Amino acid sequence: MFEQQVRWRVRALPGVTIRDGVRVRGLRRGRGDRWWVDLSEGEVVDADLVIDATGRTSRLPVWLTELGVGPVATTTLDVRVGYASRLYDVPPGRLHAAGVVVLQTPERPAGSFVLPVEGERWQVAAIGSGDRRPPRDPEGFETFLADLPDRAVSELARGGTPVTDVAVHRQTGNRRHHVERLRDWPAGLLVLGDALCAFNPVYGQGVTVAAMEAVALRKALRRGLRGG
């Protein structure tokens, strides 16, 4: 819902075009400080400024190597936290709290949280570290919940109706690409969001930092593009 709201706001901005189903396959220097962005269907987009906001799976390090820039030093801190989540329809009145949180501890590296989401449904999420990361299969997911020190989450899941498959997310390591250290960084190219610095997503740090980066970019662009 959050991402959809952002998309609606961005689409309403003047001069903004959103193109779906388009894959970028390369990045080249054009004339002067301009860029050519190669798309998978063969089209080339000419740009004064290119911003990579493609997240953790960004291909920019590869493209920079092809341009003779880099390599980019990276700092990574990964404690191997994993999440699995599933949406449930829960009968009204079955849960009287605003949500349920079962925290991980050093002695028991497994936890869970249950939160209301759009559509009057509940998101049931399992959290684990290392070898205790929750599985993808429904039976294993339910067993994981049943093994938690508090039965509230497992009982709620058993009393509800699952409406989705189990979704798993394990790319949670904190990672920063130190592009600021490159002396040969090309003009007209910026990196924002997880493509620059990625966090464990559960705390909301990543989306907060990305929003702050976007505000800083907006302030800079109001002064106009300058050399470099």
# chains A, B, ... in the order shown; residues from 1 in each chain; ligands from 1

call {"tool": "select_by_dssp", "arguments": {"residues": "chain A", "states": "strand (DSSP E)", "output": "VMD selection string"}}
result
chain A and resid 24 to 29 35 to 39 44 to 47 50 to 52 74 to 77 81 to 89 100 to 102 110 to 117 121 to 129 161 to 162 167 to 169 174 to 177 189 to 191 197 to 198

call {"tool": "write_last_selection", "arguments": {"atoms": "C-alpha atoms", "output": "PDB file, in the first residue's frame"}}
result
ATOM      1  CA  VAL A  24      17.929  -1.580 -18.785  1.00  0.00           C
ATOM      2  CA  ARG A  25      20.727  -3.690 -20.244  1.00  0.00           C
ATOM      3  CA  GLY A  26      23.569  -1.192 -20.304  1.00  0.00           C
ATOM      4  CA  LEU A  27      24.893   2.291 -19.690  1.00  0.00           C
ATOM      5  CA  ARG A  28      27.238   4.237 -22.002  1.00  0.00           C
ATOM      6  CA  ARG A  29      28.757   7.687 -22.163  1.00  0.00           C
ATOM      7  CA  TRP A  35      24.534   9.372 -21.082  1.00  0.00           C
ATOM      8  CA  TRP A  36      23.015   6.720 -23.300  1.00  0.00           C
ATOM      9  CA  VAL A  37      20.830   4.200 -21.492  1.00  0.00           C
ATOM     10  CA  ASP A  38      20.412   0.981 -23.504  1.00  0.00           C
ATOM     11  CA  LEU A  39      17.046  -0.736 -23.114  1.00  0.00           C
ATOM     12  CA  VAL A  44      18.474   4.100 -26.465  1.00  0.00           C
ATOM     13  CA  VAL A  45      17.475   6.861 -24.030  1.00  0.00           C
ATOM     14  CA  ASP A  46      19.590  10.021 -24.029  1.00  0.00           C
ATOM     15  CA  ALA A  47      19.960  11.709 -20.622  1.00  0.00           C
ATOM     16  CA  VAL A  50      21.012   9.107 -14.713  1.00  0.00           C
ATOM     17  CA  ILE A  51      19.929   7.938 -11.258  1.00  0.00           C
ATOM     18  CA  ASP A  52      20.298   4.297 -10.309  1.00  0.00           C
ATOM     19  CA  THR A  74      31.769  -2.395  -0.359  1.00  0.00           C
ATOM     20  CA  THR A  75      31.194  -2.816   3.357  1.00  0.00           C
ATOM     21  CA  THR A  76      28.831  -5.633   4.375  1.00  0.00           C
ATOM     22  CA  LEU A  77      27.381  -6.646   7.731  1.00  0.00           C
ATOM     23  CA  VAL A  81      18.284 -12.739   9.350  1.00  0.00           C
ATOM     24  CA  GLY A  82      15.450 -14.246   7.334  1.00  0.00           C
ATOM     25  CA  TYR A  83      11.737 -13.528   7.092  1.00  0.00           C
ATOM     26  CA  ALA A  84       8.736 -15.503   5.914  1.00  0.00           C
ATOM     27  CA  SER A  85       5.261 -14.021   5.763  1.00  0.00           C
ATOM     28  CA  ARG A  86       1.730 -14.934   4.790  1.00  0.00           C
ATOM     29  CA  LEU A  87      -1.561 -13.061   4.617  1.00  0.00           C
ATOM     30  CA  TYR A  88      -4.572 -14.380   6.496  1.00  0.00           C
ATOM     31  CA  ASP A  89      -8.264 -13.665   6.729  1.00  0.00           C
ATOM     32  CA  VAL A 100       1.469  -9.238  18.184  1.00  0.00           C
ATOM     33  CA  VAL A 101       5.259  -9.135  18.452  1.00  0.00           C
ATOM     34  CA  VAL A 102       7.405 -12.046  19.661  1.00  0.00           C
ATOM     35  CA  ALA A 110      13.246 -17.022  16.411  1.00  0.00           C
ATOM     36  CA  GLY A 111      10.406 -14.533  16.566  1.00  0.00           C
ATOM     37  CA  SER A 112       7.303 -13.287  14.831  1.00  0.00           C
ATOM     38  CA  PHE A 113       4.997 -10.345  14.347  1.00  0.00           C
ATOM     39  CA  VAL A 114       1.357 -10.043  13.334  1.00  0.00           C
ATOM     40  CA  LEU A 115       0.101  -6.739  11.913  1.00  0.00           C
ATOM     41  CA  PRO A 116      -3.113  -5.551  10.233  1.00  0.00           C
ATOM     42  CA  VAL A 117      -2.751  -4.625   6.568  1.00  0.00           C
ATOM     43  CA  ARG A 121      -6.332  -8.883   6.499  1.00  0.00           C
ATOM     44  CA  TRP A 122      -3.457  -9.755   8.800  1.00  0.00           C
ATOM     45  CA  GLN A 123       0.165 -10.280   7.899  1.00  0.00           C
ATOM     46  CA  VAL A 124       1.732 -13.096   9.884  1.00  0.00           C
ATOM     47  CA  ALA A 125       5.523 -12.969   9.693  1.00  0.00           C
ATOM     48  CA  ALA A 126       8.163 -15.312  11.066  1.00  0.00           C
ATOM     49  CA  ILE A 127      11.703 -14.131  11.838  1.00  0.00           C
ATOM     50  CA  GLY A 128      14.818 -16.216  12.394  1.00  0.00           C
ATOM     51  CA  SER A 129      18.592 -15.926  12.300  1.00  0.00           C
ATOM     52  CA  THR A 161      -7.623 -18.646   6.535  1.00  0.00           C
ATOM     53  CA  PRO A 162      -4.405 -18.236   4.517  1.00  0.00           C
ATOM     54  CA  ALA A 167       6.783 -15.332   0.859  1.00  0.00           C
ATOM     55  CA  VAL A 168      10.428 -15.548   1.920  1.00  0.00           C
ATOM     56  CA  HIS A 169      12.964 -12.720   2.145  1.00  0.00           C
ATOM     57  CA  ASN A 174      23.449  -4.326   5.592  1.00  0.00           C
ATOM     58  CA  ARG A 175      25.593  -3.218   2.646  1.00  0.00           C
ATOM     59  CA  ARG A 176      27.156   0.086   1.610  1.00  0.00           C
ATOM     60  CA  HIS A 177      28.828   0.772  -1.726  1.00  0.00           C
ATOM     61  CA  LEU A 189      25.445   9.735 -12.518  1.00  0.00           C
ATOM     62  CA  LEU A 190      23.915   9.256  -9.075  1.00  0.00           C
ATOM     63  CA  VAL A 191      22.982   6.252  -6.926  1.00  0.00           C
ATOM     64  CA  CYS A 197      23.227   1.604   0.989  1.00  0.00           C
ATOM     65  CA  ALA A 198      20.926  -1.272   1.950  1.00  0.00           C
TER      66      ALA A 198
END

call {"tool": "select_by_dssp", "arguments": {"residues": "segment 72-193 of chain A", "states": "alpha helix (DSSP H)", "output": "list of chain:residue names"}}
result
A:Pro138, A:Glu139, A:Gly140, A:Phe141, A:Glu142, A:Thr143, A:Phe144, A:Leu145, A:Ala146, A:Ala152, A:Val153, A:Ser154, A:Glu155, A:Leu156, A:Ala157, A:Arg158, A:Gly159

call {"tool": "atom_distance", "arguments": {"atom1": "atom CA of Gln5 of chain A", "atom2": "atom CA of Val22 of chain A"}}
result
21.2 Å

call {"tool": "residues_around", "arguments": {"residues": "Thr54 of chain A", "least_positions_apart": "5", "cutoff": "10 Å", "atoms": "only C-alpha atoms", "output": "list of chain:residue names"}}
result
A:Arg59, A:Leu60, A:Val191, A:Leu192, A:Gly193, A:Asp194, A:Ala195, A:Leu196

call {"tool": "closest_residue", "arguments": {"among": "A:Asp131, A:Phe2, A:Asp78, A:Leu148", "to": "Leu103 of chain A", "atoms": "only C-alpha atoms"}}
result
A:Leu148

call {"tool": "residues_around", "arguments": {"residues": "Glu180 of chain A", "least_positions_apart": "3", "cutoff": "10 Å", "atoms": "only C-alpha atoms", "output": "list in words"}}
result
Val72, Ala73, His177, Arg183, Asp184 and Trp185 of chain A

call {"tool": "closest_atom_pairs", "arguments": {"of": "segment 114-184 of chain A", "to": "segment 92-95 of chain A", "cutoff": "9 Å", "atoms": "only C-alpha atoms", "output": "CSV"}}
result
residue,atom,partner,partner_atom,distance
A:Leu156,CA,A:Leu95,CA,7.5
A:Gly159,CA,A:Arg94,CA,8.2
A:Gly160,CA,A:Arg94,CA,9.0

call {"tool": "write_last_selection", "arguments": {"atoms": "C-alpha atoms", "output": "compact mmCIF listing (two decimals), in the first residue's frame"}}
result
# COMPACT_ATOMS: atom_id res chain seq x y z
CA LEU A 156 -4.22 -16.85 15.32
CA GLY A 159 -7.92 -19.74 13.44
CA GLY A 160 -7.54 -17.77 10.22

call {"tool": "atom_distance", "arguments": {"atom1": "atom CA of Asp33 of chain A", "atom2": "atom CA of Leu225 of chain A"}}
result
11.3 Å

call {"tool": "decode", "arguments": {"residues": "segment 191-211 of chain A", "atoms": "N, CA, C and O atoms", "output": "PDB file, in the first residue's frame"}}
result
ATOM      1  N   VAL A 191      23.518   7.516  -7.447  1.00  0.00           N
ATOM      2  CA  VAL A 191      22.982   6.252  -6.926  1.00  0.00           C
ATOM      3  C   VAL A 191      22.181   6.572  -5.672  1.00  0.00           C
ATOM      4  O   VAL A 191      22.647   7.299  -4.791  1.00  0.00           O
ATOM      5  N   LEU A 192      20.967   6.042  -5.603  1.00  0.00           N
ATOM      6  CA  LEU A 192      20.092   6.296  -4.457  1.00  0.00           C
ATOM      7  C   LEU A 192      19.520   4.990  -3.922  1.00  0.00           C
ATOM      8  O   LEU A 192      19.470   3.971  -4.613  1.00  0.00           O
ATOM      9  N   GLY A 193      19.056   5.040  -2.681  1.00  0.00           N
ATOM     10  CA  GLY A 193      18.345   3.902  -2.095  1.00  0.00           C
ATOM     11  C   GLY A 193      19.239   2.710  -1.851  1.00  0.00           C
ATOM     12  O   GLY A 193      20.436   2.833  -1.591  1.00  0.00           O
ATOM     13  N   ASP A 194      18.646   1.512  -1.958  1.00  0.00           N
ATOM     14  CA  ASP A 194      19.367   0.276  -1.654  1.00  0.00           C
ATOM     15  C   ASP A 194      20.523   0.029  -2.605  1.00  0.00           C
ATOM     16  O   ASP A 194      21.429  -0.738  -2.284  1.00  0.00           O
ATOM     17  N   ALA A 195      20.501   0.627  -3.791  1.00  0.00           N
ATOM     18  CA  ALA A 195      21.627   0.472  -4.714  1.00  0.00           C
ATOM     19  C   ALA A 195      22.883   1.122  -4.160  1.00  0.00           C
ATOM     20  O   ALA A 195      23.994   0.765  -4.549  1.00  0.00           O
ATOM     21  N   LEU A 196      22.713   2.056  -3.228  1.00  0.00           N
ATOM     22  CA  LEU A 196      23.847   2.718  -2.592  1.00  0.00           C
ATOM     23  C   LEU A 196      24.117   2.141  -1.209  1.00  0.00           C
ATOM     24  O   LEU A 196      25.234   1.766  -0.881  1.00  0.00           O
ATOM     25  N   CYS A 197      23.072   2.069  -0.386  1.00  0.00           N
ATOM     26  CA  CYS A 197      23.227   1.604   0.989  1.00  0.00           C
ATOM     27  C   CYS A 197      21.957   0.859   1.387  1.00  0.00           C
ATOM     28  O   CYS A 197      20.881   1.456   1.453  1.00  0.00           O
ATOM     29  N   ALA A 198      22.081  -0.430   1.645  1.00  0.00           N
ATOM     30  CA  ALA A 198      20.926  -1.272   1.950  1.00  0.00           C
ATOM     31  C   ALA A 198      20.952  -1.685   3.416  1.00  0.00           C
ATOM     32  O   ALA A 198      22.014  -1.940   3.994  1.00  0.00           O
ATOM     33  N   PHE A 199      19.763  -1.766   4.018  1.00  0.00           N
ATOM     34  CA  PHE A 199      19.622  -2.121   5.416  1.00  0.00           C
ATOM     35  C   PHE A 199      18.695  -3.325   5.558  1.00  0.00           C
ATOM     36  O   PHE A 199      17.946  -3.664   4.656  1.00  0.00           O
ATOM     37  N   ASN A 200      18.733  -3.932   6.731  1.00  0.00           N
ATOM     38  CA  ASN A 200      17.708  -4.909   7.081  1.00  0.00           C
ATOM     39  C   ASN A 200      16.361  -4.203   6.989  1.00  0.00           C
ATOM     40  O   ASN A 200      16.135  -3.211   7.683  1.00  0.00           O
ATOM     41  N   PRO A 201      15.434  -4.672   6.153  1.00  0.00           N
ATOM     42  CA  PRO A 201      14.249  -3.873   5.832  1.00  0.00           C
ATOM     43  C   PRO A 201      13.231  -3.735   6.952  1.00  0.00           C
ATOM     44  O   PRO A 201      12.385  -2.837   6.901  1.00  0.00           O
ATOM     45  N   VAL A 202      13.266  -4.576   7.970  1.00  0.00           N
ATOM     46  CA  VAL A 202      12.168  -4.597   8.937  1.00  0.00           C
ATOM     47  C   VAL A 202      12.071  -3.313   9.751  1.00  0.00           C
ATOM     48  O   VAL A 202      11.008  -2.950  10.237  1.00  0.00           O
ATOM     49  N   TYR A 203      13.156  -2.577   9.889  1.00  0.00           N
ATOM     50  CA  TYR A 203      13.139  -1.387  10.738  1.00  0.00           C
ATOM     51  C   TYR A 203      12.704  -0.124   9.999  1.00  0.00           C
ATOM     52  O   TYR A 203      12.569   0.929  10.615  1.00  0.00           O
ATOM     53  N   GLY A 204      12.531  -0.196   8.701  1.00  0.00           N
ATOM     54  CA  GLY A 204      12.151   0.987   7.946  1.00  0.00           C
ATOM     55  C   GLY A 204      13.293   1.950   7.691  1.00  0.00           C
ATOM     56  O   GLY A 204      13.077   3.063   7.219  1.00  0.00           O
ATOM     57  N   GLN A 205      14.536   1.539   7.989  1.00  0.00           N
ATOM     58  CA  GLN A 205      15.677   2.425   7.755  1.00  0.00           C
ATOM     59  C   GLN A 205      15.873   2.711   6.276  1.00  0.00           C
ATOM     60  O   GLN A 205      16.121   3.851   5.882  1.00  0.00           O
ATOM     61  N   GLY A 206      15.795   1.664   5.467  1.00  0.00           N
ATOM     62  CA  GLY A 206      16.087   1.818   4.048  1.00  0.00           C
ATOM     63  C   GLY A 206      15.174   2.818   3.368  1.00  0.00           C
ATOM     64  O   GLY A 206      15.627   3.707   2.633  1.00  0.00           O
ATOM     65  N   VAL A 207      13.867   2.694   3.587  1.00  0.00           N
ATOM     66  CA  VAL A 207      12.923   3.601   2.930  1.00  0.00           C
ATOM     67  C   VAL A 207      13.067   5.010   3.491  1.00  0.00           C
ATOM     68  O   VAL A 207      12.866   6.006   2.771  1.00  0.00           O
ATOM     69  N   THR A 208      13.459   5.130   4.766  1.00  0.00           N
ATOM     70  CA  THR A 208      13.659   6.452   5.362  1.00  0.00           C
ATOM     71  C   THR A 208      14.882   7.133   4.762  1.00  0.00           C
ATOM     72  O   THR A 208      14.845   8.311   4.386  1.00  0.00           O
ATOM     73  N   VAL A 209      15.990   6.388   4.674  1.00  0.00           N
ATOM     74  CA  VAL A 209      17.211   6.947   4.094  1.00  0.00           C
ATOM     75  C   VAL A 209      16.982   7.314   2.629  1.00  0.00           C
ATOM     76  O   VAL A 209      17.414   8.374   2.162  1.00  0.00           O
ATOM     77  N   ALA A 210      16.275   6.459   1.885  1.00  0.00           N
ATOM     78  CA  ALA A 210      15.988   6.758   0.482  1.00  0.00           C
ATOM     79  C   ALA A 210      15.164   8.031   0.346  1.00  0.00           C
ATOM     80  O   ALA A 210      15.396   8.847  -0.557  1.00  0.00           O
ATOM     81  N   ALA A 211      14.202   8.232   1.236  1.00  0.00           N
ATOM     82  CA  ALA A 211      13.386   9.450   1.197  1.00  0.00           C
ATOM     83  C   ALA A 211      14.239  10.682   1.488  1.00  0.00           C
ATOM     84  O   ALA A 211      14.084  11.729   0.838  1.00  0.00           O
TER      85      ALA A 211
END
